[in-house]
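Okay, structure37.cif now, which holds mmCIF, C-alpha atoms:
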```cif
data_start
#
loop_
_atom_site.label_atom_id
_atom_site.label_comp_id
_atom_site.auth_asym_id
_atom_site.auth_seq_id
_atom_site.Cartn_x
_atom_site.Cartn_y
_atom_site.Cartn_z
CA MET A 17 109.11 80.80 114.19
CA ALA A 18 108.27 77.14 113.95
CA LYS A 19 106.15 75.99 111.06
CA ASN A 20 102.78 74.49 112.06
CA GLU A 21 100.94 71.98 109.93
CA GLY A 22 97.71 70.39 111.19
CA ASP A 23 95.70 67.56 109.65
CA LYS A 24 93.47 64.60 110.50
CA ILE A 25 94.03 60.89 110.01
CA ASN A 26 91.79 57.89 110.64
CA ILE A 27 93.19 55.75 113.44
CA ARG A 28 91.20 52.65 114.39
CA GLY A 29 87.96 54.19 113.18
CA VAL A 30 88.40 57.66 114.74
CA GLU A 31 89.59 60.80 112.98
CA HIS A 32 92.61 61.94 115.00
CA TYR A 33 93.95 65.48 114.83
CA TYR A 34 97.72 65.77 114.55
CA GLU A 35 100.09 68.63 113.96
CA TRP A 36 103.75 69.05 113.05
CA ILE A 37 105.88 71.76 114.58
CA THR A 38 109.19 71.91 112.78
CA LYS A 39 112.10 74.10 111.81
CA PRO A 40 114.34 73.54 108.78
CA ALA A 41 117.09 71.01 109.43
CA THR A 42 120.57 72.52 109.17
CA SER A 43 122.24 69.26 108.09
CA GLN A 44 120.82 65.76 108.50
CA PRO A 45 117.15 64.91 109.22
CA LYS A 46 116.06 65.40 112.82
CA PRO A 47 114.53 62.76 115.09
CA VAL A 48 110.82 62.93 115.89
CA MET A 49 109.46 63.79 119.33
CA VAL A 50 105.83 62.89 120.02
CA PHE A 51 103.88 64.88 122.62
CA ILE A 52 100.96 63.34 124.55
CA HIS A 53 98.56 65.54 126.52
CA GLY A 54 96.71 64.74 129.73
CA TRP A 55 93.08 64.27 130.74
CA GLY A 56 90.64 66.92 129.56
CA GLY A 57 93.19 68.76 127.47
CA SER A 58 94.59 68.69 123.96
CA ALA A 59 97.90 69.07 122.18
CA ARG A 60 97.44 72.83 122.26
CA TYR A 61 99.14 73.27 125.63
CA TRP A 62 102.28 71.50 124.35
CA LYS A 63 102.84 73.98 121.51
CA THR A 64 105.24 76.37 123.25
CA THR A 65 107.37 73.47 124.50
CA ALA A 66 107.43 71.91 121.04
CA GLU A 67 108.39 75.21 119.43
CA ALA A 68 111.30 75.54 121.86
CA LEU A 69 112.55 72.02 121.02
CA ALA A 70 111.94 72.20 117.26
CA GLU A 71 115.56 73.23 116.72
CA HIS A 72 116.56 69.64 117.43
CA PHE A 73 113.37 67.61 116.82
CA ASP A 74 110.49 67.41 114.38
CA CYS A 75 107.68 67.66 116.92
CA LEU A 76 104.47 65.66 116.45
CA LEU A 77 101.48 66.73 118.54
CA TYR A 78 98.15 64.90 118.49
CA ASP A 79 94.86 64.85 120.37
CA LEU A 80 93.91 61.64 122.17
CA ARG A 81 90.78 59.81 121.09
CA GLY A 82 87.71 61.68 122.38
CA PHE A 83 89.60 64.84 123.35
CA GLY A 84 90.45 68.13 121.69
CA ARG A 85 89.93 67.86 117.95
CA SER A 86 89.91 64.03 117.90
CA LEU A 87 86.19 63.81 118.60
CA LEU A 88 84.41 60.48 118.54
CA PRO A 89 81.97 59.78 115.69
CA THR A 90 78.28 60.07 116.53
CA THR A 91 77.87 56.45 115.46
CA PRO A 92 80.97 54.57 116.63
CA SER A 93 82.64 52.76 113.76
CA ASN A 94 84.53 50.44 116.10
CA SER A 95 82.48 49.51 119.15
CA GLN A 96 85.27 47.26 120.44
CA LEU A 97 87.48 50.21 121.41
CA THR A 98 87.50 50.94 125.13
CA TYR A 99 88.92 53.68 127.34
CA GLU A 100 91.58 51.47 128.89
CA LEU A 101 94.92 53.27 128.80
CA GLU A 102 96.45 50.30 126.98
CA GLU A 103 94.05 51.04 124.12
CA TYR A 104 95.36 54.59 123.95
CA ALA A 105 98.91 53.21 123.79
CA ASP A 106 97.82 51.06 120.84
CA ASP A 107 96.24 54.16 119.25
CA LEU A 108 99.67 55.78 119.35
CA ALA A 109 101.28 52.74 117.75
CA ALA A 110 98.70 52.85 114.96
CA LEU A 111 99.33 56.58 114.47
CA LEU A 112 103.07 56.02 114.16
CA ASP A 113 102.45 53.22 111.67
CA ALA A 114 100.14 55.41 109.61
CA LEU A 115 102.75 58.20 109.52
CA GLN A 116 105.54 55.69 108.82
CA LEU A 117 107.51 56.56 111.95
CA ASP A 118 109.63 53.77 113.37
CA VAL A 119 111.53 55.19 116.36
CA VAL A 120 110.59 58.35 118.25
CA TYR A 121 111.16 60.29 121.45
CA LEU A 122 108.16 60.71 123.79
CA ASN A 123 107.18 63.71 125.89
CA ALA A 124 103.97 63.03 127.83
CA HIS A 125 101.98 64.66 130.62
CA SER A 126 99.70 63.41 133.41
CA THR A 127 97.25 60.77 132.12
CA GLY A 128 99.15 60.95 128.84
CA ALA A 129 102.29 59.98 130.79
CA SER A 130 100.51 56.81 131.95
CA VAL A 131 99.68 56.07 128.32
CA ALA A 132 103.33 56.68 127.43
CA THR A 133 104.54 54.34 130.19
CA LEU A 134 102.35 51.55 128.81
CA PHE A 135 103.59 52.33 125.30
CA LEU A 136 107.22 52.12 126.48
CA ASN A 137 106.67 48.59 127.71
CA ARG A 138 104.52 47.39 124.81
CA TYR A 139 106.74 48.90 122.10
CA PRO A 140 110.19 49.53 123.68
CA GLU A 141 111.95 49.20 120.33
CA ARG A 142 110.07 52.25 119.06
CA VAL A 143 111.26 54.77 121.68
CA GLU A 144 114.72 56.30 122.00
CA ARG A 145 114.10 58.31 125.20
CA ALA A 146 111.05 59.43 127.15
CA ILE A 147 110.01 62.32 129.35
CA LEU A 148 107.08 61.77 131.71
CA THR A 149 105.76 64.93 133.32
CA CYS A 150 103.52 64.75 136.40
CA SER A 151 103.16 61.00 136.72
CA GLY A 152 103.54 58.49 139.53
CA ILE A 153 102.07 55.61 141.48
CA PHE A 154 99.31 55.67 144.08
CA GLU A 155 97.77 53.29 146.58
CA TYR A 156 94.26 51.94 146.13
CA ASN A 157 91.65 53.31 148.50
CA GLU A 158 88.16 52.06 147.66
CA ARG A 159 86.26 54.82 149.45
CA ALA A 160 88.45 57.63 148.09
CA PHE A 161 88.34 56.23 144.55
CA THR A 162 84.54 55.87 144.67
CA LEU A 163 84.15 59.49 145.79
CA PHE A 164 86.60 60.63 143.12
CA HIS A 165 84.67 58.81 140.39
CA LYS A 166 81.35 60.30 141.55
CA ALA A 167 82.82 63.79 141.63
CA GLY A 168 84.46 63.30 138.24
CA ASN A 169 81.23 62.07 136.69
CA TYR A 170 79.44 65.11 138.07
CA VAL A 171 81.92 67.73 136.80
CA VAL A 172 82.04 66.12 133.36
CA LYS A 173 78.26 65.84 133.08
CA PHE A 174 77.53 69.44 133.95
CA ARG A 175 79.62 71.39 131.44
CA TYR A 176 78.21 74.38 129.57
CA ASN A 177 79.78 76.58 126.92
CA TRP A 178 78.53 79.67 128.70
CA PHE A 179 81.25 79.03 131.30
CA LEU A 180 83.56 80.75 128.81
CA GLN A 181 81.53 83.96 129.14
CA ILE A 182 82.12 84.21 132.89
CA PRO A 183 84.92 86.69 133.67
CA LEU A 184 88.09 84.89 134.84
CA ALA A 185 86.35 81.49 134.63
CA ASP A 186 89.47 80.00 133.05
CA LYS A 187 91.67 81.34 135.85
CA LEU A 188 89.37 79.89 138.50
CA PHE A 189 89.18 76.58 136.64
CA MET A 190 92.98 76.26 136.43
CA ALA A 191 93.70 77.41 139.99
CA ARG A 192 93.75 73.85 141.35
CA PHE A 193 96.32 72.81 138.74
CA LEU A 194 98.77 75.68 139.14
CA HIS A 195 101.14 77.24 141.64
CA ARG A 196 102.37 79.97 139.30
CA SER A 197 100.23 81.82 136.81
CA ILE A 198 100.39 80.97 133.11
CA PRO A 199 99.44 83.10 130.08
CA ARG A 200 95.70 83.75 129.81
CA ALA A 201 95.56 82.16 126.36
CA GLU A 202 96.88 78.88 127.82
CA SER A 203 94.34 78.70 130.64
CA ARG A 204 91.46 79.65 128.36
CA ALA A 205 92.50 76.99 125.82
CA PHE A 206 92.47 74.33 128.53
CA LEU A 207 88.97 75.33 129.66
CA GLU A 208 87.79 75.23 126.04
CA ASP A 209 89.24 71.74 125.59
CA TYR A 210 87.68 70.54 128.84
CA LEU A 211 84.25 71.74 127.67
CA LEU A 212 84.78 70.12 124.26
CA ALA A 213 85.90 66.67 125.49
CA ASN A 214 83.60 63.76 124.66
CA TYR A 215 81.57 62.72 127.71
CA GLU A 216 82.19 58.98 127.38
CA ALA A 217 85.92 59.42 126.80
CA ALA A 218 86.28 61.88 129.69
CA VAL A 219 84.40 59.69 132.16
CA GLY A 220 85.88 56.47 130.81
CA THR A 221 89.46 57.63 131.29
CA ILE A 222 88.68 58.83 134.81
CA TYR A 223 87.64 55.29 135.69
CA THR A 224 90.59 53.61 133.99
CA SER A 225 93.38 55.97 135.11
CA VAL A 226 92.28 56.11 138.75
CA SER A 227 91.34 52.51 139.51
CA LYS A 228 92.30 49.44 141.51
CA LYS A 229 93.78 47.97 138.33
CA ALA A 230 95.96 51.04 137.73
CA ALA A 231 97.10 51.12 141.36
CA GLU A 232 98.14 47.49 141.15
CA GLU A 233 99.65 47.47 137.67
CA MET A 234 101.38 50.84 137.23
CA PRO A 235 104.17 50.11 139.77
CA GLN A 236 104.98 47.00 137.71
CA GLU A 237 104.92 49.08 134.53
CA PHE A 238 107.36 51.64 135.94
CA ALA A 239 109.63 48.82 137.12
CA LYS A 240 109.69 47.32 133.60
CA ILE A 241 110.72 50.46 131.69
CA SER A 242 113.85 49.69 129.65
CA VAL A 243 114.16 53.05 127.87
CA PRO A 244 116.07 55.98 129.44
CA THR A 245 113.34 58.10 131.00
CA LEU A 246 113.11 61.43 132.82
CA LEU A 247 110.21 61.75 135.27
CA VAL A 248 109.42 65.39 136.13
CA SER A 249 107.19 66.35 139.07
CA GLY A 250 106.01 69.73 140.30
CA GLU A 251 106.88 70.43 143.94
CA LYS A 252 103.45 71.95 144.62
CA ASP A 253 101.37 69.53 142.52
CA ILE A 254 98.25 68.40 144.40
CA ILE A 255 96.87 66.40 141.46
CA ILE A 256 99.80 63.97 141.29
CA PRO A 257 102.08 64.91 144.21
CA ALA A 258 105.83 64.79 143.70
CA SER A 259 106.08 62.00 146.28
CA MET A 260 104.19 59.73 143.85
CA GLY A 261 106.65 60.52 141.08
CA ARG A 262 109.60 59.90 143.37
CA GLN A 263 108.20 56.50 144.36
CA ALA A 264 107.73 55.54 140.72
CA ALA A 265 111.26 56.57 139.75
CA ALA A 266 112.73 54.65 142.69
CA LEU A 267 111.47 51.41 141.15
CA ASN A 268 113.78 51.59 138.15
CA GLU A 269 117.35 52.75 137.60
CA LYS A 270 116.43 53.69 134.03
CA VAL A 271 114.15 56.42 135.39
CA GLU A 272 115.74 59.71 136.44
CA PHE A 273 113.63 61.86 138.80
CA LEU A 274 113.40 65.65 138.81
CA GLU A 275 111.28 67.73 141.18
CA MET A 276 110.76 71.29 139.94
CA PRO A 277 110.48 73.85 142.77
CA GLY A 278 107.59 76.28 142.80
CA THR A 279 105.51 74.51 140.16
CA ALA A 280 102.39 72.35 140.28
CA HIS A 281 100.67 70.25 137.59
CA PHE A 282 101.97 72.17 134.55
CA PRO A 283 105.70 72.73 135.21
CA MET A 284 106.44 73.08 131.48
CA LEU A 285 104.16 76.15 131.42
CA GLU A 286 104.71 77.49 134.95
CA ASP A 287 108.52 77.55 134.65
CA ALA A 288 109.33 76.94 131.02
CA PRO A 289 113.02 78.03 131.17
CA THR A 290 113.89 75.53 133.92
CA TYR A 291 111.83 72.76 132.35
CA LEU A 292 113.46 73.22 128.96
CA GLU A 293 116.94 73.42 130.47
CA LYS A 294 116.48 70.10 132.29
CA VAL A 295 114.87 68.40 129.30
CA ARG A 296 117.65 69.53 126.95
CA GLU A 297 120.23 68.31 129.46
CA PHE A 298 118.54 64.90 129.63
CA LEU A 299 118.31 64.68 125.83
CA GLY A 300 121.88 65.84 125.32
CA VAL A 301 121.00 68.76 123.08
CA SER A 302 122.14 72.36 123.32
CA ARG A 303 120.08 75.47 123.79
CA PRO A 304 119.52 77.25 120.45
CA VAL A 305 121.64 80.32 119.81
CA GLU A 306 119.67 83.54 120.17
CA ALA A 307 119.26 85.45 116.92
#
```
Target encoding C-alpha cells, full file:
Amino acid sequence: MAKNEGDKINIRGVEHYYEWITKPATSQPKPVMVFIHGWGGSARYWKTTAEALAEHFDCLLYDLRGFGRSLLPTTPSNSQLTYELEEYADDLAALLDALQLDVVYLNAHSTGASVATLFLNRYPERVERAILTCSGIFEYNERAFTLFHKAGNYVVKFRYNWFLQIPLADKLFMARFLHRSIPRAESRAFLEDYLLANYEAAVGTIYTSVSKKAAEEMPQEFAKISVPTLLVSGEKDIIIPASMGRQAAALNEKVEFLEMPGTAHFPMLEDAPTYLEKVREFLGVSRPVEA
C-alpha cells in the first residue's frame, strides 16, 4: 500500500493542504507527478489514481485555494489574490518552489486542467509531460453564460451540511457527472468537498472558468502548449463534451487526444483500468507486477 503523508504549507498567504503518496524506490529516485483537482472537489478523488501510479512516481496531491482543506482565512492576508485561473497556476508555481521541486509531471482534471494548461505555457521548463482529463474549448454565448452564472451562484449559495443526512444524496448529486457508478465513498467525498468549498472561491472560479475571456483565450493556450500532453475525454461527458476536447487537441500536434467509451466526467474513476492503461502507455511506464 502506498504511504500517505499530509501537511499544510503557506502559499501566497493561504494555508494549502498537500499530501504525498509514494512507494519505496527500487533503484534511483522517482520523478514527481502533481495532481490537480477540478471545481468543487479536492485532491481526495485523485488518491486511487495516485496510488496506482506510485510505483513509478512520487505523487503530490494538493487542494486548490479555497477548496477542500485549503480554506481561505477569515481575514484575507493577501487581498490582491483573485480567482483568475492564471492566479491558480501561479499558486502551483509557488507550491513547487516551496517544496523545492524543479521539474514535474502534471495530471489535472476539469477546471484543474485549465489551470494546468495555463501553467504549461507560463512555466514550460517545469513540466516533463502532462495529462489533461475532461478539458476543452467552448464558444462564447452571452445568454447561456449568464444563465449558467446565475444557476451556479444559486447552487453554491444554498448549501447545507444536512444534505449529507439525506439517503443517497451523494448519488443524486453525482448523477450528472457520471455514466458509470463509482464507489460510494468517492461520491460522498465529493459531496462533502462541495459543501465545504469557500463561497467566494467557488463562485469566483465559476465566473473565470466559464467566461468570454476563457472562450477567447483558451484556444490560444492549447495551441501554444510545447510539452507532450495527453487530453482524455469521456464519451458521455455532458459537463465538458468530448467534442470540446477533440477541438482543443486538434489545435496542437503536441496534444494527443483520447476519448474513453462509456465514461463521463470522471473517467479515471468510472473506468480506472482503461484510464491507467492509457496513461501508462503515454508516460512510457509499465504496469506493476502483481504480488
**Item:** Ser242 of chain A environment, 12 Å, only C-alpha atoms, sequence neighbours closer than 5 positions dropped, as a ChimeraX atom specification
**Value:** /A:133-146,237,267-271
**Prompt:** Which value, in Å to one decimal, gives the distance between atom CA of Ala213 of chain A and atom CA of Ala59 of chain A?
**Reply:** 12.7 Å
**Message:** Which residues are near Ser227 of chain A? Cut-off 10 Å, only C-alpha atoms, ignore same chain within fewer than 5 positions. Put them as an MDAnalysis selection string.
**Reply:** chainID A and resid 154:158 161:162 165 221:222 232:233
**Request:** For each of A:Arg28, A:Lys166, A:Lys294, A:Arg60, take the minimum atom-to-atom distance to Leu76 of chain A, counting all atoms listed in the file, then give the residue where this is smallest.
**Result:**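 Closest to Leu76 of chain A, using all atoms listed in the file: A:Arg60.
What the PyMOL selection byres ((chain A and resi 27) around 10) matches in the given file is A:Lys24, A:Ile25, A:Asn26, A:Arg28, A:Gly29, A:Val30, A:Glu31, A:His32, A:Tyr33, A:Arg81, A:Ser86, A:Asp106, A:Asp107, A:Leu108, A:Ala109, A:Ala110, A:Leu111, A:Leu112, A:Asp113, A:Ala114.
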**Residue nearest Lys63 of chain A among A:Ala205, A:Ile256, A:Val243, A:Val119 (counting all atoms listed in the file)** =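 Looking at the shortest contact to Lys63 of chain A, the residue is A:Ala205.
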**Asked** What residues come out when you apply the PyMOL selection byres ((chain A and resi 255) around 10) to this file, written as a list in words?
**Response** Ser126, Cys150, Ser151, Arg192, Phe193, Leu194, Gly250, Lys252, Asp253, Ile254, Ile256, Pro257, Ala258, Ala280 and His281 of chain A
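If you count all atoms listed in the file and ignore residues fewer than 6 places along the chain from Ile198 of chain A, what sits within 9 Å of it is Leu285, Glu286 and Asp287 of chain A.
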**One-decimal distance in Å that lies between atom CA of Ser249 of chain A and atom CA of Glu272 of chain A** =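 Interatomic distance here is 11.1 Å.
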